[in-house]
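Student: Starting off with a structure, shown below.
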Amino acid sequence: MPPVTSRRTSFCRLCASSCGVLLDVEDGRITRVLGDAQHPISGGYTCPKGRRGGDLAHGPDRLTTSMRRTGTGTHEPVPVARATADIADRLRTIVDRHGPDAVALFMGTQQNFAALTPPMARAWFRGTGSHKLFSTMTIDQSAKWVVAERMGTYLGGRQRLEDADVWLLAGTNPVVSANGGDGDGAVVQNPSVTLRAARERGLRLIVVDPRHTETAALADVHLAPRPGTDAVLFAGLLHVVLTEQLHDTDFCRRYTADLPGLVDAVADVTPTVVHRICGVPADRVRAAAQVFAGGSRGMATSGTGLCMGPHSNLAEHLVAALNVVCGRYLREGERADDRAVLTRHAPARAEVAPPARAYEHGFRSRIGGVRAMRGELPSGILTDEILEPGPDRVRALIVSGGNPAAALPDRAKALRALRSLDLLVCIDPRMSDTARLAHYVIAPTTMYERADHTAIMEPFFPRPFAQFTPAVLPAPPGVVDDWRFFLDLAAASGQPVKFAGRILDPDAPPTSEQMLAMMAERGRVPFADVVTAPRGHLAGASGAVVGPATEDGAGHRLMLLPADVRAELVAALTDRVVTEQFPLLLTVRRIREAVNSTGTRVPGLVPGGTNPASLHPDDLTALGITDGQVVTVRSAAGRLRATARADRTLARGTVSMTHCFGSVDPRDDAGVNVNALTGTGAGVQAINAMPTMTAVPVAVGAVAPEEELS
């Protein structure tokens, strides 16, 4: 008899978009992934990596059992129960000898797309008593936390794309990445269609990016600053808005404390100065500011292009200040931006949560005196936390859903640190760079082998929406749900685990479906209603409005220009970005086919399979390099070899590459890791120890033919 194919409905969990998909399943294997045209949020959109979901589940490199490193450095299969018990024993020994701060947890991007994993990983970590918590947030987005700590936060909520007439996207390319930068649901689902539809109804789109990206091609205004000069550009935009008195005087009067200080600080950052430093013509700077401030509604949102660059804390602060002075927030009595469906509703109020500067009071690392923020230490100090001698040196690291060996700056130092650990545990469905260095690799279920819902992703949706999916595929017998590994590890360590207000019994653990229901107990829609809606549940407007300020909060104000931010602006205005030794600037670049390191090794997914060094054709000619030639890219931190590619979307003087390629195994043809060129020394930001990972000064030169084989 011919095999029977069934079509199943689910949603993708490779990024925040959570696109609805239709899966053709035959004999327990996915044979085809289609976008679900009837899905109320994604409307049939899928990306290339999402359509290769079958390869991610069934590819030849998929781990179907946990692995243990042998004395010879190879890995051998080990039952997950045995691995968990061994890990617990080794952790206990490390804590007994060196204390709980010798244990660290690194939470990666992919952890966030399994609803149960983040709360369970954190529950296990709390039980260790350690302060050494790290995540990919502090690799590419921590400047947003710094802004909230130094400026404060308006609690009424942000204006929405759906009723905006202007929008500014800085350092983000959602047409490719499906991420508008700030997790506001603006351009996450079906991004190209969303932006085109918004423009057809009259929205003016401004894009700030050194490259003429796929998103910039849709823009009304494209500003292409020299890489690393975003802070000066936004200071210049603020100059125009404030000197031409285009700002929202009422909002500033009610909710800001130091507008005159900001006016004074940007007084000399004229469009002419912006042109000199950023390379953007003065008339375009003025016109962009007028377009943005002239709109009645709309936000400026930013992505990793700002957060990973020099002066990132300042650049993010000035983006936020632009939104504030233009009053781009919801006022008392307006419909609240309430997208909570399975999660608990947080009332919106027309008041300010004042600057807390928690980084001045949190746990203090011995590395540079850096303090924790929102319970996390910055990933920029993780390698030093491992390598620097001291009584609380990190000796054991658990990695959940991440690949720090590929993502951390200063590649050589990161690998040296990971190799030096007494215990490295990696939860990963394949042998990533980090997994290859690990003492234990826990093989988890993949996304279509587990039940899940979208509670964590609700802020990214354009409308109140929730979806549940059962497991669509049978899981191989040797794998375990990520959350269950943390529960079992806690039990083996003698730690109680609290989840959704109750202590779990490890001898009679709940099912994933029961855990998901517990997680949704405080939602405004009964979880049963979501379970019975195979394509998800559009909840409709909640009726919530922005409430008045509380008595305690009425007097709080946003700080537009604290003294340390002013000092950073002075430094940015005098910073020299390129030098004679390193005359080009390396910038980050997203691709549709991968999310960080996920997807980079799926055969045939990434065109060419590697990450070339792209330059403008005129730069290639000036350097005497031809398209496709092997080149050396050098920075102050190191060097790498790559294939040169001509790319007219780049401005001259710019090199563009994609992060998280490369391999610790020289036999792999997996591209090169850009972090060979990034470092943790010069250019590290204060407060969050964020190194410069884009706009890195580099030089590019041809490789002699006799060197290409060396």
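Labels used: A, B, ... for chains in the order of the structure tokens, numbers from 1 for residues in each chain, and numbers from 1 for ligands as shown.
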List every residue of region 203-282 of chain A that DSSP, applied to the backbone of this structure, places in alpha helix (DSSP H), and write the result as a PDB file with C-alpha atoms, in the first residue's frame.

Tutor:
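Listing of states-v1.pdb after writing:
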ATOM      1  CA  ASP A 230      23.737  56.487  14.371  1.00  0.00           C
ATOM      2  CA  ALA A 231      23.937  58.385  17.668  1.00  0.00           C
ATOM      3  CA  VAL A 232      25.049  61.565  15.895  1.00  0.00           C
ATOM      4  CA  LEU A 233      22.325  61.159  13.277  1.00  0.00           C
ATOM      5  CA  PHE A 234      19.614  60.911  15.936  1.00  0.00           C
ATOM      6  CA  ALA A 235      21.072  63.869  17.790  1.00  0.00           C
ATOM      7  CA  GLY A 236      20.764  65.766  14.516  1.00  0.00           C
ATOM      8  CA  LEU A 237      17.151  64.689  14.034  1.00  0.00           C
ATOM      9  CA  LEU A 238      16.405  65.887  17.550  1.00  0.00           C
ATOM     10  CA  HIS A 239      18.138  69.188  16.750  1.00  0.00           C
ATOM     11  CA  VAL A 240      15.750  69.814  13.853  1.00  0.00           C
ATOM     12  CA  VAL A 241      12.654  68.773  15.811  1.00  0.00           C
ATOM     13  CA  LEU A 242      13.519  70.966  18.793  1.00  0.00           C
ATOM     14  CA  THR A 243      14.917  74.046  17.054  1.00  0.00           C
ATOM     15  CA  THR A 249       4.991  70.512  24.073  1.00  0.00           C
ATOM     16  CA  ASP A 250       2.137  69.107  26.155  1.00  0.00           C
ATOM     17  CA  PHE A 251       3.614  65.611  26.474  1.00  0.00           C
ATOM     18  CA  CYS A 252       7.053  67.028  27.283  1.00  0.00           C
ATOM     19  CA  ARG A 253       5.620  69.371  29.905  1.00  0.00           C
ATOM     20  CA  ARG A 254       3.708  66.604  31.636  1.00  0.00           C
ATOM     21  CA  TYR A 255       6.164  63.719  31.450  1.00  0.00           C
ATOM     22  CA  LEU A 259      13.886  69.095  28.046  1.00  0.00           C
ATOM     23  CA  PRO A 260      16.014  72.293  28.149  1.00  0.00           C
ATOM     24  CA  GLY A 261      19.089  70.160  28.798  1.00  0.00           C
ATOM     25  CA  LEU A 262      18.401  68.071  25.696  1.00  0.00           C
ATOM     26  CA  VAL A 263      17.775  71.209  23.631  1.00  0.00           C
ATOM     27  CA  ASP A 264      21.123  72.594  24.756  1.00  0.00           C
ATOM     28  CA  ALA A 265      23.015  69.324  24.159  1.00  0.00           C
ATOM     29  CA  PRO A 271      22.327  68.962   9.813  1.00  0.00           C
ATOM     30  CA  THR A 272      25.655  70.279   8.503  1.00  0.00           C
ATOM     31  CA  VAL A 273      27.495  68.572  11.377  1.00  0.00           C
ATOM     32  CA  VAL A 274      25.526  65.391  10.739  1.00  0.00           C
ATOM     33  CA  HIS A 275      26.567  65.498   7.097  1.00  0.00           C
ATOM     34  CA  ARG A 276      30.224  65.856   8.046  1.00  0.00           C
ATOM     35  CA  ILE A 277      30.197  62.976  10.532  1.00  0.00           C
ATOM     36  CA  CYS A 278      27.526  60.653   9.144  1.00  0.00           C
ATOM     37  CA  ALA A 282      21.914  68.016   5.456  1.00  0.00           C
TER      38      ALA A 282
END

Student: I'd like the neighbourhood of Ala466 (chain A) as a count of residues only, where a residue qualifies if any of its atoms comes within 7 Å (using only C-alpha atoms), though same-chain residues fewer than 4 positions away should be ignored.

Tutor: 8

Student: DSSP on the backbone, then: every residue of region 396-573 of chain A marked strand (DSSP E or B), written as an MDAnalysis selection string.

Tutor: chainID A and resid 396:400 423:427 440:442 444 452:453 465:466 468:469 478 480 498:499 502:503 537:538 545 547 558

Student: Quick one: write out the picked residues with N, CA and C atoms as a short mmCIF file (atom, residue, chain, number, x, y, z; two decimals), in the first residue's frame?

Tutor:
data_model
loop_
_atom_site.label_atom_id
_atom_site.label_comp_id
_atom_site.auth_asym_id
_atom_site.auth_seq_id
_atom_site.Cartn_x
_atom_site.Cartn_y
_atom_site.Cartn_z
N ALA A 396 31.24 25.83 35.86
CA ALA A 396 30.20 25.01 35.22
C ALA A 396 29.24 25.94 34.48
N LEU A 397 28.93 25.60 33.26
CA LEU A 397 28.03 26.42 32.44
C LEU A 397 27.00 25.51 31.78
N ILE A 398 25.72 25.84 31.99
CA ILE A 398 24.61 25.17 31.31
C ILE A 398 24.13 26.10 30.21
N VAL A 399 24.04 25.61 28.99
CA VAL A 399 23.61 26.42 27.84
C VAL A 399 22.27 25.89 27.36
N SER A 400 21.27 26.76 27.39
CA SER A 400 19.91 26.38 27.00
C SER A 400 19.51 27.12 25.73
N LEU A 423 32.80 21.81 33.67
CA LEU A 423 31.57 21.18 33.19
C LEU A 423 30.86 22.12 32.24
N LEU A 424 30.65 21.66 31.02
CA LEU A 424 29.87 22.40 30.03
C LEU A 424 28.75 21.48 29.54
N VAL A 425 27.53 21.93 29.72
CA VAL A 425 26.35 21.18 29.30
C VAL A 425 25.60 22.01 28.27
N CYS A 426 25.26 21.40 27.16
CA CYS A 426 24.58 22.10 26.07
C CYS A 426 23.31 21.35 25.71
N ILE A 427 22.19 22.05 25.70
CA ILE A 427 20.92 21.47 25.27
C ILE A 427 20.71 21.88 23.83
N TYR A 440 28.54 17.24 28.18
CA TYR A 440 27.26 16.56 27.95
C TYR A 440 26.43 17.39 26.98
N VAL A 441 25.81 16.70 26.04
CA VAL A 441 24.87 17.33 25.12
C VAL A 441 23.51 16.66 25.34
N ILE A 442 22.55 17.44 25.80
CA ILE A 442 21.20 16.92 26.02
C ILE A 442 20.41 17.10 24.74
N PRO A 444 17.18 17.52 22.84
CA PRO A 444 15.79 17.87 23.14
C PRO A 444 14.84 17.53 22.00
N ASP A 452 2.80 23.11 22.57
CA ASP A 452 3.29 24.46 22.84
C ASP A 452 2.16 25.47 22.69
N HIS A 453 2.37 26.67 23.19
CA HIS A 453 1.48 27.79 22.87
C HIS A 453 2.28 29.07 22.77
N PHE A 465 -3.91 37.72 20.13
CA PHE A 465 -3.98 36.43 19.45
C PHE A 465 -3.24 35.40 20.28
N ALA A 466 -3.75 34.18 20.26
CA ALA A 466 -3.06 33.07 20.94
C ALA A 466 -3.30 31.81 20.14
N PHE A 468 -2.46 27.38 20.27
CA PHE A 468 -1.93 26.16 20.89
C PHE A 468 -1.70 25.15 19.78
N THR A 469 -0.67 24.34 19.94
CA THR A 469 -0.46 23.21 19.04
C THR A 469 -0.12 21.99 19.86
N GLY A 478 14.94 8.75 22.57
CA GLY A 478 16.07 9.18 23.37
C GLY A 478 16.11 10.66 23.70
N VAL A 480 14.30 14.50 25.13
CA VAL A 480 13.52 14.97 26.26
C VAL A 480 13.11 16.41 25.99
N LYS A 498 9.32 25.60 41.66
CA LYS A 498 8.02 26.25 41.73
C LYS A 498 7.65 26.75 40.35
N PHE A 499 6.44 26.37 39.91
CA PHE A 499 5.96 26.77 38.59
C PHE A 499 4.50 27.15 38.70
N ARG A 502 2.92 26.79 42.17
CA ARG A 502 2.84 25.51 42.85
C ARG A 502 4.18 24.77 42.76
N ILE A 503 4.48 24.01 43.80
CA ILE A 503 5.68 23.19 43.80
C ILE A 503 5.39 21.91 43.04
N HIS A 537 -6.61 31.72 18.12
CA HIS A 537 -7.79 32.43 18.61
C HIS A 537 -7.51 33.93 18.57
N LEU A 538 -8.25 34.66 17.74
CA LEU A 538 -8.21 36.12 17.77
C LEU A 538 -9.14 36.59 18.88
N VAL A 545 -8.49 50.63 28.57
CA VAL A 545 -8.02 51.95 28.18
C VAL A 545 -6.87 52.36 29.09
N GLY A 547 -5.30 54.20 31.86
CA GLY A 547 -5.86 54.81 33.04
C GLY A 547 -5.10 56.04 33.50
N LEU A 558 10.34 61.46 32.94
CA LEU A 558 11.39 60.84 32.12
C LEU A 558 12.60 61.76 32.10
#

Student: Which residues come within 12 Å of His317 (chain A), counting only C-alpha atoms, excluding same-chain residues fewer than 3 positions away, as a PyMOL selection string?

Tutor: chain A and resi 142-153+230-232+234-235+238+262+300-302+306-307+311-314+320-324+558-562+564-566+568-569

Student: Can you list, as a PyMOL selection string, every protein, DNA or RNA residue that comes within 8 Å of region 588-592 of chain A when you count only C-alpha atoms, leaving out same-chain residues fewer than 4 positions away?

Tutor: chain A and resi 47-49+173+176-177+305+656-659+693-695

Student: How would the residues just chosen look if you wrote them out with C-alpha atoms as a PDB file, in the first residue's frame?

Tutor:
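What landed in result_33.pdb:
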ATOM      1  CA  CYS A  47      10.352  32.083   5.272  1.00  0.00           C
ATOM      2  CA  PRO A  48      12.934  29.736   3.684  1.00  0.00           C
ATOM      3  CA  LYS A  49      14.110  28.324   7.011  1.00  0.00           C
ATOM      4  CA  ASN A 173      15.640  44.909   8.192  1.00  0.00           C
ATOM      5  CA  VAL A 176      14.459  39.762   5.877  1.00  0.00           C
ATOM      6  CA  SER A 177      14.539  39.241   9.657  1.00  0.00           C
ATOM      7  CA  GLY A 305      22.305  47.455  13.891  1.00  0.00           C
ATOM      8  CA  SER A 656      28.999  43.342   5.193  1.00  0.00           C
ATOM      9  CA  MET A 657      28.975  39.818   6.654  1.00  0.00           C
ATOM     10  CA  THR A 658      26.564  37.617   8.596  1.00  0.00           C
ATOM     11  CA  HIS A 659      27.332  36.501  12.144  1.00  0.00           C
ATOM     12  CA  MET A 693      30.149  43.966  17.020  1.00  0.00           C
ATOM     13  CA  THR A 694      29.132  46.060  14.033  1.00  0.00           C
ATOM     14  CA  ALA A 695      30.850  49.090  12.485  1.00  0.00           C
TER      15      ALA A 695
END

Student: Give the answer as one residue: which of A:Ala372, A:Ala517, A:Val33, A:Val103 has the shortest atom-to-atom distance to Gly54 (chain A), using only C-alpha atoms?

Tutor: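 Among A:Ala372, A:Ala517, A:Val33, A:Val103, it is A:Val33 that comes nearest to Gly54 (chain A).
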
Student: From the options A:Asp163, A:Leu573, A:Leu473, A:Arg204, which residue's atoms come nearest to Ser6 (chain A), counting only C-alpha atoms?

Tutor: A:Leu473

Student: For Thr64 (chain A), work out the shell of residues within 7 Å, counting only C-alpha atoms and skipping chain neighbours fewer than 6 positions away, then give it as a compact mmCIF listing (two decimals) with C-alpha atoms, in the first residue's frame.

Tutor:
# COMPACT_ATOMS: atom_id res chain seq x y z
CA ALA A 443 19.15 16.04 22.94
CA PRO A 476 12.51 9.87 19.14
CA GLY A 478 16.07 9.18 23.37
CA VAL A 479 15.11 12.86 23.54

Student: Measure the distance from CA of Arg29 (chain A) to CA of Pro607 (chain A) in Å and round it to one decimal.

Tutor: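 Separating CA of Arg29 (chain A) from CA of Pro607 (chain A) is a distance of 25.0 Å.
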
Student: Would you list the contacts of Asp248 (chain A) as an MDAnalysis selection string, taking every protein, DNA or RNA residue within 6 Å and counting only C-alpha atoms, but skipping same-chain residues closer than 3 positions in sequence?

Tutor: chainID A and resid 251 325:327

Student: Next, the residues of the selection above should be written as a short mmCIF file (atom, residue, chain, number, x, y, z; two decimals), in the first residue's frame with N, CA and C atoms.

Tutor:
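out_16.cif written:
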data_model
loop_
_atom_site.label_atom_id
_atom_site.label_comp_id
_atom_site.auth_asym_id
_atom_site.auth_seq_id
_atom_site.Cartn_x
_atom_site.Cartn_y
_atom_site.Cartn_z
N PHE A 251 3.06 66.85 25.94
CA PHE A 251 3.61 65.61 26.47
C PHE A 251 4.92 65.89 27.21
N VAL A 325 9.96 63.26 22.72
CA VAL A 325 9.72 64.68 22.41
C VAL A 325 8.61 64.82 21.37
N CYS A 326 8.40 63.76 20.56
CA CYS A 326 7.30 63.82 19.59
C CYS A 326 6.00 63.26 20.17
N GLY A 327 6.04 62.84 21.45
CA GLY A 327 4.82 62.40 22.14
C GLY A 327 4.20 61.16 21.57
#

Student: What does the distance from CA of Leu585 (chain A) to CA of Pro227 (chain A) come to in Å, to one decimal?

Tutor: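 Computing the Euclidean distance for CA of Leu585 (chain A) and CA of Pro227 (chain A) yields 6.7 Å.
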
Student: Nearest to Arg522 (chain A) among A:Ala123, A:Gly380, A:Asn673, A:Arg344, with distances taken over only C-alpha atoms: which residue is it?

Tutor: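 Smallest separation from Arg522 (chain A) among the options: A:Arg344.
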
Student: Which neighbours of region 483-490 of chain A fall inside 7 Å, counting only C-alpha atoms, when residues of the same chain fewer than 6 positions from it are skipped, and could you give them as a compact mmCIF listing (two decimals) with C-alpha atoms, in the first residue's frame?

Tutor:
# COMPACT_ATOMS: atom_id res chain seq x y z
CA THR A 84 21.10 14.15 34.20
CA ALA A 88 23.75 16.87 39.07
CA LEU A 116 7.81 26.22 29.01
CA THR A 117 11.58 26.35 28.77
CA MET A 120 11.67 26.20 34.00
CA ALA A 121 15.29 27.09 33.23
CA TRP A 124 16.21 25.57 38.18
CA PRO A 496 12.28 22.11 44.68
CA VAL A 497 10.84 23.73 41.56
CA PRO A 506 9.21 15.34 40.23

Student: Out of A:Ala257, A:Leu620, A:Ala539, A:Val698, which residue has the shortest atom-to-atom distance to Ala636 (chain A) when counting only C-alpha atoms?

Tutor: A:Val698

Student: Kindly give the distance, in Å, that separates CA of Gly701 (chain A) and CA of Ala644 (chain A), rounded to a single decimal.

Tutor: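 We find that CA of Gly701 (chain A) and CA of Ala644 (chain A) lie 9.9 Å from each other.
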
Student: Taking only C-alpha atoms into account, name the residue in A:Ala288, A:Met690, A:Leu615, A:Ala405 that is nearest to Phe661 (chain A).

Tutor: A:Ala405

Student: Go through A:Gly71, A:Pro612, A:Gly171, A:Pro462 and flag the residue nearest Asp627 (chain A), using only C-alpha atoms for the distances.

Tutor: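 Using only C-alpha atoms, Asp627 (chain A) sits closest to A:Pro612.
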